[in-house]
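Asks: Pasting structure_25.cif below, which is mmCIF, C-alpha atoms.
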data_target
loop_
_atom_site.label_atom_id
_atom_site.label_comp_id
_atom_site.auth_asym_id
_atom_site.auth_seq_id
_atom_site.Cartn_x
_atom_site.Cartn_y
_atom_site.Cartn_z
CA MET A 1 107.63 -14.25 7.92
CA LYS A 2 107.81 -17.89 6.82
CA LYS A 3 107.47 -19.00 10.46
CA ILE A 4 104.38 -16.84 10.94
CA LEU A 5 102.70 -18.36 7.84
CA LEU A 6 103.44 -21.89 9.05
CA ALA A 7 101.91 -21.11 12.46
CA LEU A 8 98.75 -19.68 10.92
CA THR A 9 98.41 -22.74 8.65
CA ALA A 10 98.68 -25.09 11.63
CA VAL A 11 96.03 -23.16 13.57
CA ALA A 12 93.65 -23.24 10.58
CA ALA A 13 94.13 -26.99 10.17
CA MET A 14 93.36 -27.62 13.84
CA THR A 15 90.22 -25.39 13.68
CA GLY A 16 88.97 -27.23 10.61
CA SER A 17 89.38 -30.59 12.29
CA ALA A 18 87.43 -29.43 15.33
CA SER A 19 84.63 -28.08 13.13
CA ALA A 20 84.40 -31.37 11.24
CA ALA A 21 84.11 -33.23 14.52
CA ASP A 22 81.31 -30.91 15.61
CA LEU A 23 79.45 -31.72 12.38
CA ALA A 24 79.48 -35.47 12.96
CA ALA A 25 76.27 -37.33 11.95
CA ARG A 26 73.39 -36.88 14.38
CA PRO A 27 71.38 -39.89 15.55
CA TYR A 28 68.25 -40.65 13.40
CA VAL A 29 64.96 -39.61 14.99
CA LYS A 30 61.80 -41.18 13.56
CA ALA A 31 59.14 -38.68 12.52
CA PRO A 32 56.01 -38.69 14.74
CA LEU A 33 53.15 -40.79 13.43
CA PRO A 34 50.08 -38.96 12.15
CA ALA A 35 46.87 -39.17 14.16
CA PRO A 36 44.61 -42.14 13.30
CA VAL A 37 41.95 -41.43 10.70
CA ALA A 38 38.71 -43.26 9.94
CA ASN A 39 36.05 -43.22 7.26
CA TRP A 40 32.45 -43.46 8.49
CA THR A 41 30.87 -42.97 5.06
CA GLY A 42 28.78 -45.94 3.93
CA PHE A 43 25.85 -48.28 4.62
CA TYR A 44 25.22 -50.20 7.85
CA ILE A 45 22.68 -52.56 9.42
CA PHE A 46 21.90 -53.17 13.08
CA GLY A 47 19.82 -55.21 15.49
CA GLY A 48 19.33 -55.24 19.24
CA GLY A 49 16.84 -54.67 22.03
CA GLY A 50 16.02 -52.70 25.13
CA GLY A 51 13.36 -51.46 27.51
CA GLY A 52 10.87 -48.63 27.55
CA LEU A 53 8.43 -46.54 29.54
CA SER A 54 4.97 -45.48 28.36
CA ASN A 55 2.96 -42.42 29.42
CA SER A 56 -0.49 -41.38 28.25
CA ASP A 57 -2.69 -38.37 29.01
CA GLN A 58 -6.28 -39.69 29.06
CA SER A 59 -9.77 -38.36 29.55
CA VAL A 60 -13.25 -39.90 29.26
CA GLN A 61 -16.09 -38.28 27.32
CA THR A 62 -19.50 -39.22 25.96
CA THR A 63 -19.48 -40.88 22.57
CA VAL A 64 -22.29 -38.56 21.41
CA GLY A 65 -21.49 -34.90 21.88
CA ALA A 66 -17.99 -35.40 23.40
CA VAL A 67 -19.15 -34.17 26.81
CA PRO A 68 -16.27 -34.49 29.35
CA LEU A 69 -16.93 -37.07 32.06
CA THR A 70 -13.53 -36.98 33.82
CA ILE A 71 -10.61 -34.64 34.16
CA GLY A 72 -7.38 -35.49 32.33
CA GLN A 73 -5.20 -38.11 33.99
CA ARG A 74 -1.77 -39.53 33.17
CA GLN A 75 -1.34 -43.30 33.03
CA GLY A 76 1.96 -45.14 32.71
CA GLY A 77 3.49 -48.49 31.83
CA SER A 78 6.68 -50.26 30.84
CA GLY A 79 8.04 -53.20 28.86
CA TRP A 80 10.68 -54.49 26.47
CA PHE A 81 11.26 -54.55 22.71
CA GLY A 82 13.58 -55.70 19.93
CA THR A 83 14.77 -53.57 17.04
CA VAL A 84 16.30 -53.94 13.56
CA GLY A 85 17.28 -51.28 11.05
CA LEU A 86 19.61 -49.90 8.43
CA GLY A 87 21.14 -46.57 7.47
CA TYR A 88 23.70 -44.57 5.55
CA ASP A 89 26.27 -42.17 7.00
CA TRP A 90 28.35 -39.49 5.31
CA GLN A 91 31.50 -38.14 6.99
CA PHE A 92 31.84 -34.63 5.57
CA ASN A 93 34.98 -33.56 7.48
CA SER A 94 37.41 -34.92 10.06
CA THR A 95 34.98 -34.72 13.01
CA TRP A 96 31.36 -34.51 11.77
CA VAL A 97 29.09 -37.26 10.41
CA ALA A 98 25.54 -36.94 9.05
CA GLY A 99 23.20 -39.75 8.05
CA VAL A 100 19.74 -41.14 7.37
CA PHE A 101 18.23 -44.31 8.83
CA ALA A 102 15.08 -46.37 9.29
CA ASP A 103 14.22 -49.00 11.87
CA GLY A 104 11.42 -51.11 13.29
CA GLN A 105 10.61 -52.09 16.86
CA PHE A 106 8.55 -55.00 18.11
CA GLY A 107 7.72 -56.23 21.57
CA SER A 108 5.50 -55.47 24.54
CA ILE A 109 5.44 -52.02 26.12
CA ARG A 110 2.19 -51.95 28.08
CA GLY A 111 0.32 -48.96 29.47
CA THR A 112 -2.83 -48.62 31.58
CA VAL A 113 -6.19 -47.40 30.21
CA GLN A 114 -8.97 -46.51 32.66
CA ASP A 115 -12.57 -45.32 32.65
CA PRO A 116 -13.29 -44.15 36.23
CA PHE A 117 -16.88 -43.31 35.23
CA PHE A 118 -17.68 -46.99 34.63
CA GLY A 119 -15.02 -48.25 37.06
CA ILE A 120 -13.16 -50.34 34.48
CA THR A 121 -9.48 -50.64 33.60
CA GLY A 122 -7.38 -52.36 30.94
CA SER A 123 -3.90 -52.78 29.50
CA GLN A 124 -2.91 -51.41 26.10
CA LYS A 125 0.20 -52.80 24.37
CA LEU A 126 2.46 -51.01 21.95
CA GLU A 127 3.03 -54.03 19.71
CA ASP A 128 5.26 -52.56 17.02
CA SER A 129 6.50 -49.26 15.66
CA TRP A 130 8.74 -47.87 12.96
CA ALA A 131 10.85 -44.75 12.55
CA ALA A 132 12.65 -42.91 9.73
CA GLY A 133 14.92 -39.98 10.42
CA VAL A 134 18.24 -38.22 10.26
CA ARG A 135 21.17 -38.02 12.64
CA LEU A 136 24.14 -35.74 13.19
CA GLY A 137 27.23 -37.01 14.99
CA TYR A 138 30.53 -35.76 16.37
CA LEU A 139 33.63 -37.99 16.46
CA VAL A 140 34.98 -37.85 19.99
CA ALA A 141 37.60 -40.37 18.80
CA PRO A 142 38.31 -41.84 15.34
CA ASN A 143 36.17 -44.89 16.17
CA VAL A 144 33.65 -43.35 18.62
CA LEU A 145 30.65 -41.34 17.40
CA SER A 146 28.28 -39.38 19.65
CA TYR A 147 25.08 -38.30 17.90
CA VAL A 148 21.59 -36.83 18.08
CA ASN A 149 18.70 -37.91 15.85
CA GLY A 150 15.08 -37.20 15.07
CA GLY A 151 12.34 -37.88 12.59
CA TYR A 152 8.93 -39.42 11.87
CA SER A 153 7.42 -42.46 13.57
CA GLY A 154 4.36 -44.69 13.43
CA ALA A 155 3.03 -47.17 15.99
CA HIS A 156 0.46 -49.96 16.29
CA PHE A 157 -1.39 -50.34 19.59
CA GLY A 158 -3.16 -53.61 20.35
CA GLN A 159 -6.69 -54.20 21.60
CA THR A 160 -7.54 -53.24 25.19
CA ASN A 161 -9.77 -55.65 27.13
CA PHE A 162 -11.35 -54.05 30.20
CA LEU A 163 -11.66 -55.54 33.69
CA THR A 164 -13.86 -54.47 36.58
CA LEU A 165 -12.41 -53.32 39.89
CA ALA A 166 -12.89 -56.92 41.07
CA GLY A 167 -10.56 -58.12 38.31
CA VAL A 168 -13.16 -59.95 36.23
CA PRO A 169 -13.85 -59.25 32.52
CA ALA A 170 -16.05 -56.18 31.98
CA ASP A 171 -17.25 -57.43 28.58
CA ALA A 172 -15.98 -54.22 26.95
CA HIS A 173 -12.93 -53.31 24.92
CA LEU A 174 -11.13 -50.77 22.72
CA ASN A 175 -10.13 -51.83 19.22
CA SER A 176 -6.50 -51.84 18.11
CA TYR A 177 -5.34 -48.81 16.14
CA ASN A 178 -2.40 -47.07 14.46
CA ARG A 179 -1.01 -43.62 15.30
CA ASN A 180 1.67 -41.40 13.76
CA GLY A 181 4.06 -39.01 15.47
CA TRP A 182 7.65 -37.91 15.78
CA PHE A 183 10.75 -38.71 17.83
CA VAL A 184 14.03 -37.24 19.08
CA GLY A 185 16.97 -39.03 20.64
CA GLY A 186 20.70 -39.54 20.79
CA GLY A 187 23.40 -42.02 21.60
CA VAL A 188 26.95 -43.28 21.25
CA GLU A 189 28.35 -45.71 18.68
CA ASN A 190 31.80 -47.26 19.06
CA SER A 191 33.99 -49.85 17.36
CA LEU A 192 34.32 -53.28 18.96
CA ASN A 193 38.09 -53.35 18.38
CA ILE A 194 38.80 -53.47 22.09
CA PHE A 195 40.91 -55.58 24.43
CA GLY A 196 43.18 -56.52 21.54
CA ILE A 197 40.37 -58.26 19.63
CA SER A 198 40.10 -57.33 15.96
CA SER A 199 36.53 -57.03 14.68
CA PRO A 200 36.65 -54.81 11.57
CA GLY A 201 33.27 -53.38 10.66
CA TRP A 202 31.53 -54.36 13.91
CA PHE A 203 30.23 -51.67 16.24
CA MET A 204 27.93 -51.30 19.23
CA LYS A 205 25.53 -48.41 19.81
CA THR A 206 23.45 -47.42 22.81
CA GLU A 207 20.58 -45.00 22.17
CA TYR A 208 17.89 -43.12 24.03
CA ARG A 209 14.71 -42.20 22.13
CA SER A 210 11.58 -40.24 23.02
CA ALA A 211 8.57 -40.76 20.70
CA PHE A 212 5.33 -38.77 20.77
CA TYR A 213 2.10 -40.03 19.13
CA ASN A 214 -0.96 -37.89 18.43
CA ALA A 215 -4.11 -38.10 20.55
CA LYS A 216 -6.93 -40.35 19.37
CA THR A 217 -10.52 -40.77 20.54
CA GLN A 218 -11.73 -44.38 20.76
CA ASP A 219 -15.21 -45.65 21.49
CA GLU A 220 -15.62 -48.25 24.22
CA LEU A 221 -17.33 -51.26 22.63
CA ILE A 222 -19.35 -54.14 24.06
CA ASP A 223 -17.76 -57.54 23.47
CA GLY A 224 -19.53 -59.71 20.89
CA THR A 225 -21.80 -57.02 19.44
CA ASN A 226 -19.24 -54.20 19.11
CA LEU A 227 -21.98 -51.75 20.06
CA PRO A 228 -20.78 -48.57 21.84
CA THR A 229 -21.12 -48.39 25.61
CA GLY A 230 -21.77 -44.66 25.39
CA ASN A 231 -18.31 -43.60 26.61
CA SER A 232 -15.15 -42.84 24.63
CA ILE A 233 -11.55 -42.44 25.76
CA ARG A 234 -9.27 -39.78 24.28
CA ALA A 235 -5.55 -40.37 24.80
CA ASN A 236 -2.12 -39.59 23.39
CA SER A 237 1.05 -41.62 23.89
CA TRP A 238 4.61 -40.75 24.89
CA ASN A 239 7.18 -43.55 24.86
CA GLN A 240 10.77 -43.41 26.10
CA THR A 241 13.17 -46.22 25.22
CA ILE A 242 16.81 -47.20 25.74
CA SER A 243 18.32 -49.79 23.42
CA THR A 244 21.66 -51.43 22.70
CA SER A 245 22.35 -52.74 19.19
CA LEU A 246 25.09 -54.55 17.32
CA VAL A 247 26.04 -52.66 14.14
CA TYR A 248 27.85 -53.86 11.02
CA ARG A 249 29.40 -51.29 8.65
CA PHE A 250 30.01 -52.64 5.16
CA ASN A 251 32.89 -50.39 4.12
CA TRP A 252 34.63 -49.68 7.41
CA THR A 253 38.32 -48.97 6.76
CA GLY A 254 39.58 -47.18 9.85
CA PRO A 255 41.13 -46.09 11.99
CA VAL A 256 44.33 -46.50 9.95
CA VAL A 257 47.78 -45.26 10.92
CA ALA A 258 50.29 -44.68 8.15
CA LYS A 259 53.36 -46.95 8.25
CA TYR A 260 56.97 -46.02 7.48
#
Re-express the file's structure as structure tokens.

Replies:
Amino acid sequence: MKKILLALTAVAAMTGSASAADLAARPYVKAPLPAPVANWTGFYIFGGGGGGLSNSDQSVQTTVGAVPLTIGQRQGGSGWFGTVGLGYDWQFNSTWVAGVFADGQFGSIRGTVQDPFFGITGSQKLEDSWAAGVRLGYLVAPNVLSYVNGGYSGAHFGQTNFLTLAGVPADAHLNSYNRNGWFVGGGVENSLNIFGISSPGWFMKTEYRSAFYNAKTQDELIDGTNLPTGNSIRANSWNQTISTSLVYRFNWTGPVVAKY
């Protein structure tokens, strides 16, 4: 009996040693890092420039009685502009950002104005405009925002000086004027922390915008006397622009990855 007990004790001791070896310390594995997070809430300013296209649906009518003299015709143009603005964004969850903004544009987007009845033509310049609106964006990455926007806009169109078909002054013009309208657009804004260069707070955005301005009837006037020629031109304005701007965000703090 004593021999049997000794044998069992030896077996138990050997089993315990093997189990202890199996429970040896495992190598340390670092916990995976959390995904980068960013905070887009705060104020920003921007400035840049771009190019645009102008389209206008025009018709000629008598100044007295508004009798149509021509059918409607679409005239076009193009040009460049600069822009400056400011805004405020609010990031209300991990992927969505909403904001308000206002900006101004200045430059030279020119469109054609014609009166086929008198055989005269001129160039009308969109000299400056402003816009105020809202935008809604989706974060495709912690530091890349895609967005759509829309709102209210106003524009100032410069004086149109008419030429004859021979290219000489027609001694007639349209006065400058202001028009109001609305716009829709969208774009992408991304951080400039690229290629290993650190630029906290600095972003770049590229935006498309389509602005529509209400139709207006203008009397053709004789140079010097400003007396009406007897004809008036009724036209609206549709302007499409693409711009690239440099943006600075005052409270940019991301993306940040937690350290261990």

Asks: Do you know which residues are at most 7 Å from range 74-88 of chain A counting only C-alpha atoms, after dropping those on the same chain fewer than 5 positions away, and could you put them as a ChimeraX atom specification?

Replies: /A:42-58,99-113

Asks: Report the residues retrieved by the PyMOL selection byres ((chain A and resi 66) around 10) from the displayed file, expressed as a VMD selection string.

Replies: chain A and resid 60 to 65 67 to 69 217 231 to 234

Asks: Take the point (4.5, -51.1, 18.8) in the file's coordinates, draw a sphere of radius 7 Å around it, and report as a list in words every protein, DNA or RNA residue with an atom inside or on it, counting all atoms listed in the file.

Replies: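 Residues with an atom close enough to that point: Gln105, Phe106, Gly107, Leu126, Glu127, Asp128, Ser129, Ala155, His156 and Phe157 of chain A.
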
Asks: Return as an mmCIF file with C-alpha atoms, in the frame of the given file the set of residues that the PyMOL selection byres ((chain A and resi 94-97) around 8) yields on the displayed structure.

Replies:
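Saved to result.cif:
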data_model
loop_
_atom_site.group_PDB
_atom_site.id
_atom_site.type_symbol
_atom_site.label_atom_id
_atom_site.label_comp_id
_atom_site.auth_asym_id
_atom_site.auth_seq_id
_atom_site.Cartn_x
_atom_site.Cartn_y
_atom_site.Cartn_z
ATOM 1 C CA VAL A 37 41.950 -41.430 10.700
ATOM 2 C CA TRP A 40 32.450 -43.460 8.490
ATOM 3 C CA ASP A 89 26.270 -42.170 7.000
ATOM 4 C CA TRP A 90 28.350 -39.490 5.310
ATOM 5 C CA GLN A 91 31.500 -38.140 6.990
ATOM 6 C CA PHE A 92 31.840 -34.630 5.570
ATOM 7 C CA ASN A 93 34.980 -33.560 7.480
ATOM 8 C CA ALA A 98 25.540 -36.940 9.050
ATOM 9 C CA GLY A 99 23.200 -39.750 8.050
ATOM 10 C CA LEU A 136 24.140 -35.740 13.190
ATOM 11 C CA GLY A 137 27.230 -37.010 14.990
ATOM 12 C CA TYR A 138 30.530 -35.760 16.370
ATOM 13 C CA LEU A 139 33.630 -37.990 16.460
ATOM 14 C CA VAL A 140 34.980 -37.850 19.990
#

Asks: Mind pulling up the distance from CA of Pro228 in chain A to CA of Thr160 in chain A?

Replies: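 Separation between CA of Thr160 in chain A and CA of Pro228 in chain A: 14.4 Å.
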
Asks: Apply the PyMOL selection byres ((chain A and resi 152) around 12) to the structure shown and report the selected residues as an mmCIF file with C-alpha atoms, in the coordinates of the input.

Replies:
data_model
loop_
_atom_site.group_PDB
_atom_site.id
_atom_site.type_symbol
_atom_site.label_atom_id
_atom_site.label_comp_id
_atom_site.auth_asym_id
_atom_site.auth_seq_id
_atom_site.Cartn_x
_atom_site.Cartn_y
_atom_site.Cartn_z
ATOM 1 C CA VAL A 100 19.740 -41.140 7.370
ATOM 2 C CA PHE A 101 18.230 -44.310 8.830
ATOM 3 C CA ALA A 102 15.080 -46.370 9.290
ATOM 4 C CA ASP A 103 14.220 -49.000 11.870
ATOM 5 C CA SER A 129 6.500 -49.260 15.660
ATOM 6 C CA TRP A 130 8.740 -47.870 12.960
ATOM 7 C CA ALA A 131 10.850 -44.750 12.550
ATOM 8 C CA ALA A 132 12.650 -42.910 9.730
ATOM 9 C CA GLY A 133 14.920 -39.980 10.420
ATOM 10 C CA VAL A 134 18.240 -38.220 10.260
ATOM 11 C CA ASN A 149 18.700 -37.910 15.850
ATOM 12 C CA GLY A 150 15.080 -37.200 15.070
ATOM 13 C CA GLY A 151 12.340 -37.880 12.590
ATOM 14 C CA SER A 153 7.420 -42.460 13.570
ATOM 15 C CA GLY A 154 4.360 -44.690 13.430
ATOM 16 C CA ALA A 155 3.030 -47.170 15.990
ATOM 17 C CA ARG A 179 -1.010 -43.620 15.300
ATOM 18 C CA ASN A 180 1.670 -41.400 13.760
ATOM 19 C CA GLY A 181 4.060 -39.010 15.470
ATOM 20 C CA TRP A 182 7.650 -37.910 15.780
ATOM 21 C CA PHE A 183 10.750 -38.710 17.830
ATOM 22 C CA VAL A 184 14.030 -37.240 19.080
ATOM 23 C CA GLY A 185 16.970 -39.030 20.640
ATOM 24 C CA SER A 210 11.580 -40.240 23.020
ATOM 25 C CA ALA A 211 8.570 -40.760 20.700
ATOM 26 C CA PHE A 212 5.330 -38.770 20.770
ATOM 27 C CA TYR A 213 2.100 -40.030 19.130
ATOM 28 C CA ASN A 214 -0.960 -37.890 18.430
#

Asks: What does the distance from CA of Ser237 in chain A to CA of Tyr208 in chain A come to in Å, to one decimal?

Replies: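 Result for CA of Ser237 in chain A versus CA of Tyr208 in chain A: 16.9 Å, one decimal.
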
Asks: In Å, rounded to a single decimal, give me how far CA of Tyr177 in chain A is from CA of Thr164 in chain A.

Replies: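 Spanning CA of Thr164 in chain A to CA of Tyr177 in chain A is a straight-line distance of 22.9 Å.
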
Asks: Of the candidates A:Asn161, A:Gln240, A:Asn143, A:Gln124, which shows the shortest atom-to-atom distance to Phe203 in chain A, using only C-alpha atoms?

Replies: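 Using only C-alpha atoms, the shortest distance to Phe203 in chain A belongs to A:Asn143.
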
Asks: Find the residues around Gly119 in chain A up to 7 Å (all atoms listed in the file counted), leave out those fewer than 2 positions away in its own chain, and share them as a list in words.

Replies: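 Here the answer would be Asp115, Pro116, Phe117, Thr121, Thr164 and Leu165 of chain A.
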
Asks: With only C-alpha atoms as the atoms that count, which of A:Leu246, A:Tyr147, A:Ala170, A:Thr70 lies nearest to Ser199 in chain A?

Replies: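 Distance minimum relative to Ser199 in chain A lands on A:Leu246.
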
Asks: May I have the residues within 8 Å of Val144 in chain A as an MDAnalysis selection string, using only C-alpha atoms and disregarding those fewer than 3 positions away in the same chain?

Replies: chainID A and resid 139:141 188:191

Asks: Hey, can you spit out that residue selection with C-alpha atoms as a PDB file, keeping the file's coordinate frame?

Replies:
ATOM      1  CA  LEU A 139      33.630 -37.990  16.460  1.00  0.00           C
ATOM      2  CA  VAL A 140      34.980 -37.850  19.990  1.00  0.00           C
ATOM      3  CA  ALA A 141      37.600 -40.370  18.800  1.00  0.00           C
ATOM      4  CA  VAL A 188      26.950 -43.280  21.250  1.00  0.00           C
ATOM      5  CA  GLU A 189      28.350 -45.710  18.680  1.00  0.00           C
ATOM      6  CA  ASN A 190      31.800 -47.260  19.060  1.00  0.00           C
ATOM      7  CA  SER A 191      33.990 -49.850  17.360  1.00  0.00           C
TER       8      SER A 191
END
